Amino acid sequence: MFKQDLIDFSFAELQNFCKDKNLPKFRASQIWRWMYCFGIKSFDEMNNISKLTRELLHDISLISRPQISEMQISTDGTIKWLIKLKDNSEVETVFIPQDDRGTVCLSSQVGCTLNCSFCHTGTQALVRNLTSGEIIGQLMIVMDYLNDWPSGKNNRKVTNIVMMGMGEPLLNYYEVCKAIKIMMSDDGIAISRRRITLSTSGIIPNIEKTGIELGVNLAISLHAVNDELRNKLVPINKKYNLETLIKSCKNYPKLSNSRRITWEYVMLKDVNDTSEDAINLIKLIKGIPSKINLIPFNPWPGSLFETSTQKNIDNFAKILMDAGFASPIRKPRGQDIYAACGQLKSNSEKIRKSQINKLVPIHNF
Ligand code: SAH
Ligand code: SF4
């Protein structure tokens, strides 16, 4: 018999499900708390629900987790999971522990349709949107592994979420939005919108909606400061050019000194890393509360680009800093695993042991 997977439900959908099954309304709140405050997967453990109801729930529903195909732990504590979905496609999820936070990087699609020329994910043939259950499932797996339940405990290990894994989150707006609302739910995982960052290559029609509906931090994959170059690096720029992108960022709701746009800028040797580029970047984002993440390019097999020299990266960062911008250079981490942004590509080359030492580090968030 078909069993409904409760991980696919928003709270309102769970309420409707309970109503359909003639269960009282408060059952939905109880189940929600067990699932998202306590990480419980088995109805047997829901001890404030009668045995009869638990048996009914067991007969008609389940609470699943995606399957873990592979897990790699870096010597610096960074962990990467290769996660297998019900149709056997795979996505990657990363946990990055730092002194003051623990960040989970979630995927929003299998692959990506946008083909940014420096990004490995964009080269993957198979692309589909993840469901909200598959997005939230990635986070649940991380919290299970880290023993990070109940969500209300002190010293949580997972404190921050970045939608920076595989895929373009704003091309899967509905499911991403649903999953983020579950993450933010006070009666559940309860991660504040201030600790959630969504990264987009600039899908303009959904940027303002994100601000209004979710109010999470926005990161923009900028990477170039003129349309000619950005058309080549981030081809969606042909549809949504820099002028419209900057305009929609200026209008992003509730921007302030404490709520800034993060601009992501991948440092590509001899492509976008000159002093002139830095100066034009400053001009472009003038007046927008901003911080800039400089990401040394992470090469992947067959990539056409090289990483900028350290001298050029330092020079670029200094120009931005002198102009008053916070512009951290993402530091390499997890030298021994293969999990850098832009390198994620599932169903792809499995890493052979002999290759591992040659692999490229992943960066901080
Ligand atoms: N699709 C979304 C989010 C996922 S990518 C986006 O593009 O914003 C997360 C970040 O890694 C983006 O800024 C992306 O441009 C960057 N990135 C992609 N490939 C990279 C690479 N090879 N080296 C460094 N950063 C890369
Ligand atoms: Fe897609 Fe982002 Fe990679 Fe571009 S950088 S191909 S939008 S995942």
# chains A, B, ... in the order shown; residues from 1 in each chain; ligands from 1
$ closest_atom_pairs --of "chain A" --to "ligand 2" --cutoff "6 Å" --atoms "only C-alpha atoms and all ligand atoms" --output "CSV"
residue,atom,partner,partner_atom_place_in_ligand_line,distance
A:Cys112,CA,ligand 2,1 (Fe),4.6
A:Leu114,CA,ligand 2,6 (S),4.6
A:Asn115,CA,ligand 2,6 (S),4.3
A:Cys116,CA,ligand 2,4 (Fe),4.2
A:Cys119,CA,ligand 2,3 (Fe),4.6
A:Thr121,CA,ligand 2,3 (Fe),5.2
A:Gly122,CA,ligand 2,6 (S),3.8
A:Met166,CA,ligand 2,8 (S),5.2
A:Gly167,CA,ligand 2,8 (S),4.3
A:Glu168,CA,ligand 2,7 (S),4.9
A:Ser201,CA,ligand 2,7 (S),5.0
A:Gly342,CA,ligand 2,3 (Fe),5.7
$ closest_atom_pairs --of "range 69-172 of chain A" --to "range 246-265 of chain A" --cutoff "12 Å" --atoms "only C-alpha atoms" --output "tab-separated table"
residue	atom	partner	partner_atom	distance
A:Phe118	CA	A:Tyr265	CA	11.7
A:Val162	CA	A:Thr262	CA	11.9
A:Met164	CA	A:Glu264	CA	10.9
$ write_last_selection --atoms "N, CA and C atoms" --output "mmCIF file, in the first residue's frame"
data_model
loop_
_atom_site.group_PDB
_atom_site.id
_atom_site.type_symbol
_atom_site.label_atom_id
_atom_site.label_comp_id
_atom_site.auth_asym_id
_atom_site.auth_seq_id
_atom_site.Cartn_x
_atom_site.Cartn_y
_atom_site.Cartn_z
ATOM 1 N N PHE A 118 32.600 28.188 -15.620
ATOM 2 C CA PHE A 118 33.643 27.780 -14.668
ATOM 3 C C PHE A 118 33.117 26.749 -13.670
ATOM 4 N N VAL A 162 23.500 27.387 3.978
ATOM 5 C CA VAL A 162 23.692 28.094 2.711
ATOM 6 C C VAL A 162 23.126 27.250 1.572
ATOM 7 N N MET A 164 23.942 26.715 -1.453
ATOM 8 C CA MET A 164 25.076 26.933 -2.356
ATOM 9 C C MET A 164 25.627 25.630 -2.894
#
$ residues_around --residues "range 15-28 of chain A" --least-positions-apart "2" --cutoff "12 Å" --atoms "only C-alpha atoms" --output "list in words"
Gln4, Asp5, Leu6, Asp8, Phe9, Ser10, Phe11, Ala12, Glu13, Gln30, Ile31, Trp32, Arg33, Trp34, Met35, Tyr36, Met46, Asn48, Ile49, Ser50, Leu52, Thr53, Arg54, Leu56, Leu57, Asp59, Ile60, Ser61 and Asp187 of chain A
$ write_last_selection --atoms "C-alpha atoms" --output "tab-separated table (two decimals), in the first residue's frame"
chain	number	residue	atom	x	y	z
A	4	GLN	CA	2.61	9.04	2.39
A	5	ASP	CA	6.06	10.36	3.26
A	6	LEU	CA	5.47	13.10	5.84
A	8	ASP	CA	7.23	16.04	1.85
A	9	PHE	CA	4.66	18.11	3.73
A	10	SER	CA	4.56	21.73	4.77
A	11	PHE	CA	2.87	22.27	8.14
A	12	ALA	CA	-0.39	23.22	6.43
A	13	GLU	CA	-0.25	20.07	4.31
A	30	GLN	CA	2.61	16.93	17.80
A	31	ILE	CA	3.91	15.04	14.78
A	32	TRP	CA	5.66	18.20	13.47
A	33	ARG	CA	7.46	18.66	16.79
A	34	TRP	CA	8.58	15.04	16.88
A	35	MET	CA	9.88	15.29	13.32
A	36	TYR	CA	11.55	18.66	13.43
A	46	MET	CA	5.95	9.57	19.66
A	48	ASN	CA	2.22	11.52	23.56
A	49	ILE	CA	0.24	9.89	20.76
A	50	SER	CA	-1.98	6.89	21.55
A	52	LEU	CA	-3.88	3.12	18.14
A	53	THR	CA	-3.12	6.38	16.34
A	54	ARG	CA	0.55	5.48	16.06
A	56	LEU	CA	-2.72	4.06	12.01
A	57	LEU	CA	0.07	6.51	11.16
A	59	ASP	CA	0.02	1.95	8.23
A	60	ILE	CA	-0.59	5.00	6.08
A	61	SER	CA	2.60	7.02	6.30
A	187	ASP	CA	8.17	24.77	16.32
$ select_by_dssp --residues "range 49-178 of chain A" --states "strand (DSSP E)" --output "number ranges by chain"
A: 61-62, 67-73, 79-84, 90-98, 101-105, 109-110, 128-129, 160-163
$ write_last_selection --atoms "C-alpha atoms" --output "PDB file, in the first residue's frame"
ATOM      1  CA  SER A  61       2.600   7.017   6.299  1.00  0.00           C
ATOM      2  CA  LEU A  62       6.324   7.128   6.954  1.00  0.00           C
ATOM      3  CA  GLN A  67      19.950   7.328   1.426  1.00  0.00           C
ATOM      4  CA  ILE A  68      23.641   8.045   2.017  1.00  0.00           C
ATOM      5  CA  SER A  69      25.788   6.652  -0.828  1.00  0.00           C
ATOM      6  CA  GLU A  70      29.078   7.871   0.484  1.00  0.00           C
ATOM      7  CA  MET A  71      30.489  10.077   3.223  1.00  0.00           C
ATOM      8  CA  GLN A  72      33.920  11.652   3.375  1.00  0.00           C
ATOM      9  CA  ILE A  73      35.411  13.406   6.363  1.00  0.00           C
ATOM     10  CA  ILE A  79      32.144  16.437   5.931  1.00  0.00           C
ATOM     11  CA  LYS A  80      30.656  15.671   2.530  1.00  0.00           C
ATOM     12  CA  TRP A  81      27.773  13.331   1.849  1.00  0.00           C
ATOM     13  CA  LEU A  82      26.827  11.900  -1.516  1.00  0.00           C
ATOM     14  CA  ILE A  83      23.096  11.428  -1.186  1.00  0.00           C
ATOM     15  CA  LYS A  84      21.039   9.009  -3.244  1.00  0.00           C
ATOM     16  CA  GLU A  90      22.562  11.849  -6.499  1.00  0.00           C
ATOM     17  CA  VAL A  91      23.313  15.204  -4.923  1.00  0.00           C
ATOM     18  CA  GLU A  92      25.961  16.402  -2.516  1.00  0.00           C
ATOM     19  CA  THR A  93      25.641  18.022   0.878  1.00  0.00           C
ATOM     20  CA  VAL A  94      28.494  19.526   2.873  1.00  0.00           C
ATOM     21  CA  PHE A  95      28.965  20.430   6.562  1.00  0.00           C
ATOM     22  CA  ILE A  96      31.641  23.011   7.360  1.00  0.00           C
ATOM     23  CA  PRO A  97      32.477  23.409  11.061  1.00  0.00           C
ATOM     24  CA  GLN A  98      34.080  26.670  12.128  1.00  0.00           C
ATOM     25  CA  ARG A 101      29.343  28.293  13.624  1.00  0.00           C
ATOM     26  CA  GLY A 102      28.524  25.151  11.720  1.00  0.00           C
ATOM     27  CA  THR A 103      27.305  25.636   8.163  1.00  0.00           C
ATOM     28  CA  VAL A 104      25.397  23.163   6.040  1.00  0.00           C
ATOM     29  CA  CYS A 105      25.564  23.632   2.267  1.00  0.00           C
ATOM     30  CA  GLN A 109      18.640  20.600  -8.001  1.00  0.00           C
ATOM     31  CA  VAL A 110      20.269  17.528  -9.474  1.00  0.00           C
ATOM     32  CA  ARG A 128      15.864  17.921 -12.201  1.00  0.00           C
ATOM     33  CA  ASN A 129      14.426  19.930  -9.377  1.00  0.00           C
ATOM     34  CA  ASN A 160      23.811  28.240   9.500  1.00  0.00           C
ATOM     35  CA  ILE A 161      22.469  27.106   6.150  1.00  0.00           C
ATOM     36  CA  VAL A 162      23.692  28.094   2.711  1.00  0.00           C
ATOM     37  CA  MET A 163      21.800  27.201  -0.463  1.00  0.00           C
TER      38      MET A 163
END
$ atom_distance --atom1 "CA of Ile182 in chain A" --atom2 "CA of Gly133 in chain A"
9.8 Å
$ residues_around --residues "Gly324 in chain A" --least-positions-apart "5" --cutoff "12 Å" --atoms "only C-alpha atoms" --output "PyMOL selection string"
chain A and resi 282+286-287+289-292+317-319
$ write_last_selection --atoms "C-alpha atoms" --output "mmCIF file, in the first residue's frame"
data_model
loop_
_atom_site.group_PDB
_atom_site.id
_atom_site.type_symbol
_atom_site.label_atom_id
_atom_site.label_comp_id
_atom_site.auth_asym_id
_atom_site.auth_seq_id
_atom_site.Cartn_x
_atom_site.Cartn_y
_atom_site.Cartn_z
ATOM 1 C CA ILE A 282 33.127 49.130 -6.501
ATOM 2 C CA LYS A 286 27.898 51.634 -4.967
ATOM 3 C CA GLY A 287 25.133 52.476 -2.514
ATOM 4 C CA PRO A 289 25.035 47.500 1.646
ATOM 5 C CA SER A 290 27.481 44.832 0.527
ATOM 6 C CA LYS A 291 30.114 42.326 1.386
ATOM 7 C CA ILE A 292 32.194 40.583 -1.228
ATOM 8 C CA ALA A 317 40.981 42.347 -1.993
ATOM 9 C CA LYS A 318 43.050 45.349 -0.922
ATOM 10 C CA ILE A 319 41.351 47.658 -3.425
#
$ atom_distance --atom1 "CA of Lys3 in chain A" --atom2 "CA of Ile63 in chain A"
9.6 Å
$ residues_around --residues "Gly215 in chain A" --least-positions-apart "3" --cutoff "9 Å" --atoms "only C-alpha atoms" --output "list in words"
Arg193, Arg194, Lys209, Thr210, Gly211, Ile212, Leu218, Pro253 and Lys254 of chain A
$ decode --residues "range 213-229 of chain A" --atoms "all heavy atoms" --output "PDB file, in the first residue's frame"
ATOM      1  N   GLU A 213       9.031  36.918   0.900  1.00  0.00           N
ATOM      2  CA  GLU A 213       8.429  35.709   1.445  1.00  0.00           C
ATOM      3  C   GLU A 213       9.318  35.025   2.492  1.00  0.00           C
ATOM      4  O   GLU A 213       8.816  34.450   3.458  1.00  0.00           O
ATOM      5  CB  GLU A 213       8.173  34.738   0.286  1.00  0.00           C
ATOM      6  CG  GLU A 213       6.944  33.902   0.499  1.00  0.00           C
ATOM      7  CD  GLU A 213       6.616  33.070  -0.734  1.00  0.00           C
ATOM      8  OE1 GLU A 213       7.042  33.418  -1.851  1.00  0.00           O
ATOM      9  OE2 GLU A 213       5.928  32.062  -0.556  1.00  0.00           O
ATOM     10  N   LEU A 214      10.641  35.091   2.295  1.00  0.00           N
ATOM     11  CA  LEU A 214      11.548  34.365   3.190  1.00  0.00           C
ATOM     12  C   LEU A 214      12.409  35.298   4.041  1.00  0.00           C
ATOM     13  O   LEU A 214      12.736  34.977   5.179  1.00  0.00           O
ATOM     14  CB  LEU A 214      12.471  33.451   2.366  1.00  0.00           C
ATOM     15  CG  LEU A 214      11.780  32.354   1.545  1.00  0.00           C
ATOM     16  CD1 LEU A 214      12.779  31.670   0.634  1.00  0.00           C
ATOM     17  CD2 LEU A 214      11.104  31.334   2.464  1.00  0.00           C
ATOM     18  N   GLY A 215      12.825  36.409   3.462  1.00  0.00           N
ATOM     19  CA  GLY A 215      13.657  37.363   4.213  1.00  0.00           C
ATOM     20  C   GLY A 215      15.026  36.819   4.569  1.00  0.00           C
ATOM     21  O   GLY A 215      15.658  37.265   5.522  1.00  0.00           O
ATOM     22  N   VAL A 216      15.507  35.839   3.809  1.00  0.00           N
ATOM     23  CA  VAL A 216      16.841  35.287   4.098  1.00  0.00           C
ATOM     24  C   VAL A 216      17.911  36.172   3.474  1.00  0.00           C
ATOM     25  O   VAL A 216      17.610  37.092   2.715  1.00  0.00           O
ATOM     26  CB  VAL A 216      16.969  33.837   3.539  1.00  0.00           C
ATOM     27  CG1 VAL A 216      16.012  32.896   4.248  1.00  0.00           C
ATOM     28  CG2 VAL A 216      16.718  33.811   2.019  1.00  0.00           C
ATOM     29  N   ASN A 217      19.174  35.911   3.833  1.00  0.00           N
ATOM     30  CA  ASN A 217      20.278  36.663   3.230  1.00  0.00           C
ATOM     31  C   ASN A 217      20.430  36.263   1.765  1.00  0.00           C
ATOM     32  O   ASN A 217      20.262  35.101   1.415  1.00  0.00           O
ATOM     33  CB  ASN A 217      21.595  36.343   3.938  1.00  0.00           C
ATOM     34  CG  ASN A 217      21.524  36.673   5.400  1.00  0.00           C
ATOM     35  OD1 ASN A 217      21.074  37.747   5.782  1.00  0.00           O
ATOM     36  ND2 ASN A 217      21.937  35.738   6.246  1.00  0.00           N
ATOM     37  N   LEU A 218      20.791  37.255   0.970  1.00  0.00           N
ATOM     38  CA  LEU A 218      20.931  37.002  -0.460  1.00  0.00           C
ATOM     39  C   LEU A 218      22.404  37.071  -0.864  1.00  0.00           C
ATOM     40  O   LEU A 218      23.112  38.003  -0.497  1.00  0.00           O
ATOM     41  CB  LEU A 218      20.140  38.065  -1.236  1.00  0.00           C
ATOM     42  CG  LEU A 218      20.076  37.891  -2.743  1.00  0.00           C
ATOM     43  CD1 LEU A 218      19.243  36.661  -3.116  1.00  0.00           C
ATOM     44  CD2 LEU A 218      19.475  39.134  -3.402  1.00  0.00           C
ATOM     45  N   ALA A 219      22.845  36.055  -1.588  1.00  0.00           N
ATOM     46  CA  ALA A 219      24.188  36.085  -2.181  1.00  0.00           C
ATOM     47  C   ALA A 219      24.016  36.043  -3.689  1.00  0.00           C
ATOM     48  O   ALA A 219      23.199  35.281  -4.207  1.00  0.00           O
ATOM     49  CB  ALA A 219      25.009  34.888  -1.710  1.00  0.00           C
ATOM     50  N   ILE A 220      24.759  36.889  -4.370  1.00  0.00           N
ATOM     51  CA  ILE A 220      24.662  36.947  -5.835  1.00  0.00           C
ATOM     52  C   ILE A 220      25.980  36.483  -6.444  1.00  0.00           C
ATOM     53  O   ILE A 220      27.051  36.991  -6.093  1.00  0.00           O
ATOM     54  CB  ILE A 220      24.389  38.402  -6.305  1.00  0.00           C
ATOM     55  CG1 ILE A 220      23.065  38.924  -5.723  1.00  0.00           C
ATOM     56  CG2 ILE A 220      24.427  38.502  -7.829  1.00  0.00           C
ATOM     57  CD1 ILE A 220      21.823  38.402  -6.397  1.00  0.00           C
ATOM     58  N   SER A 221      25.887  35.531  -7.349  1.00  0.00           N
ATOM     59  CA  SER A 221      27.079  35.073  -8.069  1.00  0.00           C
ATOM     60  C   SER A 221      27.369  36.074  -9.169  1.00  0.00           C
ATOM     61  O   SER A 221      26.830  35.963 -10.267  1.00  0.00           O
ATOM     62  CB  SER A 221      26.822  33.689  -8.666  1.00  0.00           C
ATOM     63  OG  SER A 221      26.687  32.763  -7.632  1.00  0.00           O
ATOM     64  N   LEU A 222      28.213  37.033  -8.875  1.00  0.00           N
ATOM     65  CA  LEU A 222      28.436  38.148  -9.811  1.00  0.00           C
ATOM     66  C   LEU A 222      29.505  37.784 -10.846  1.00  0.00           C
ATOM     67  O   LEU A 222      29.231  37.712 -12.029  1.00  0.00           O
ATOM     68  CB  LEU A 222      28.836  39.392  -9.013  1.00  0.00           C
ATOM     69  CG  LEU A 222      28.900  40.677  -9.796  1.00  0.00           C
ATOM     70  CD1 LEU A 222      27.532  41.086 -10.306  1.00  0.00           C
ATOM     71  CD2 LEU A 222      29.499  41.800  -8.943  1.00  0.00           C
ATOM     72  N   HIS A 223      30.721  37.630 -10.383  1.00  0.00           N
ATOM     73  CA  HIS A 223      31.847  37.087 -11.159  1.00  0.00           C
ATOM     74  C   HIS A 223      32.363  37.963 -12.301  1.00  0.00           C
ATOM     75  O   HIS A 223      33.452  37.718 -12.822  1.00  0.00           O
ATOM     76  CB  HIS A 223      31.528  35.689 -11.710  1.00  0.00           C
ATOM     77  CG  HIS A 223      31.050  34.721 -10.671  1.00  0.00           C
ATOM     78  ND1 HIS A 223      31.654  34.595  -9.443  1.00  0.00           N
ATOM     79  CD2 HIS A 223      30.021  33.840 -10.668  1.00  0.00           C
ATOM     80  CE1 HIS A 223      31.018  33.668  -8.734  1.00  0.00           C
ATOM     81  NE2 HIS A 223      30.013  33.214  -9.446  1.00  0.00           N
ATOM     82  N   ALA A 224      31.596  38.945 -12.722  1.00  0.00           N
ATOM     83  CA  ALA A 224      32.085  39.848 -13.773  1.00  0.00           C
ATOM     84  C   ALA A 224      31.362  41.170 -13.622  1.00  0.00           C
ATOM     85  O   ALA A 224      30.230  41.208 -13.138  1.00  0.00           O
ATOM     86  CB  ALA A 224      31.810  39.269 -15.153  1.00  0.00           C
ATOM     87  N   VAL A 225      32.024  42.251 -14.042  1.00  0.00           N
ATOM     88  CA  VAL A 225      31.438  43.573 -13.819  1.00  0.00           C
ATOM     89  C   VAL A 225      31.019  44.262 -15.113  1.00  0.00           C
ATOM     90  O   VAL A 225      30.667  45.433 -15.119  1.00  0.00           O
ATOM     91  CB  VAL A 225      32.403  44.482 -13.013  1.00  0.00           C
ATOM     92  CG1 VAL A 225      32.499  43.988 -11.587  1.00  0.00           C
ATOM     93  CG2 VAL A 225      33.779  44.527 -13.660  1.00  0.00           C
ATOM     94  N   ASN A 226      31.094  43.556 -16.233  1.00  0.00           N
ATOM     95  CA  ASN A 226      30.491  44.090 -17.463  1.00  0.00           C
ATOM     96  C   ASN A 226      29.727  42.966 -18.159  1.00  0.00           C
ATOM     97  O   ASN A 226      30.042  41.784 -17.990  1.00  0.00           O
ATOM     98  CB  ASN A 226      31.536  44.732 -18.373  1.00  0.00           C
ATOM     99  CG  ASN A 226      32.568  43.722 -18.827  1.00  0.00           C
ATOM    100  OD1 ASN A 226      32.269  42.781 -19.554  1.00  0.00           O
ATOM    101  ND2 ASN A 226      33.803  43.900 -18.358  1.00  0.00           N
ATOM    102  N   ASP A 227      28.716  43.373 -18.940  1.00  0.00           N
ATOM    103  CA  ASP A 227      27.832  42.373 -19.559  1.00  0.00           C
ATOM    104  C   ASP A 227      28.578  41.461 -20.526  1.00  0.00           C
ATOM    105  O   ASP A 227      28.281  40.260 -20.601  1.00  0.00           O
ATOM    106  CB  ASP A 227      26.668  43.059 -20.283  1.00  0.00           C
ATOM    107  CG  ASP A 227      25.600  43.523 -19.298  1.00  0.00           C
ATOM    108  OD1 ASP A 227      25.359  42.796 -18.316  1.00  0.00           O
ATOM    109  OD2 ASP A 227      25.029  44.608 -19.498  1.00  0.00           O
ATOM    110  N   GLU A 228      29.549  42.013 -21.226  1.00  0.00           N
ATOM    111  CA  GLU A 228      30.242  41.209 -22.228  1.00  0.00           C
ATOM    112  C   GLU A 228      30.892  39.976 -21.584  1.00  0.00           C
ATOM    113  O   GLU A 228      30.719  38.852 -22.052  1.00  0.00           O
ATOM    114  CB  GLU A 228      31.294  42.079 -22.906  1.00  0.00           C
ATOM    115  CG  GLU A 228      31.776  41.488 -24.199  1.00  0.00           C
ATOM    116  CD  GLU A 228      33.026  42.202 -24.711  1.00  0.00           C
ATOM    117  OE1 GLU A 228      33.319  43.329 -24.261  1.00  0.00           O
ATOM    118  OE2 GLU A 228      33.704  41.599 -25.559  1.00  0.00           O
ATOM    119  N   LEU A 229      31.609  40.222 -20.484  1.00  0.00           N
ATOM    120  CA  LEU A 229      32.273  39.097 -19.815  1.00  0.00           C
ATOM    121  C   LEU A 229      31.269  38.238 -19.048  1.00  0.00           C
ATOM    122  O   LEU A 229      31.329  37.003 -19.062  1.00  0.00           O
ATOM    123  CB  LEU A 229      33.355  39.632 -18.853  1.00  0.00           C
ATOM    124  CG  LEU A 229      34.115  38.560 -18.074  1.00  0.00           C
ATOM    125  CD1 LEU A 229      34.839  37.604 -19.025  1.00  0.00           C
ATOM    126  CD2 LEU A 229      35.124  39.196 -17.101  1.00  0.00           C
TER     127      LEU A 229
END
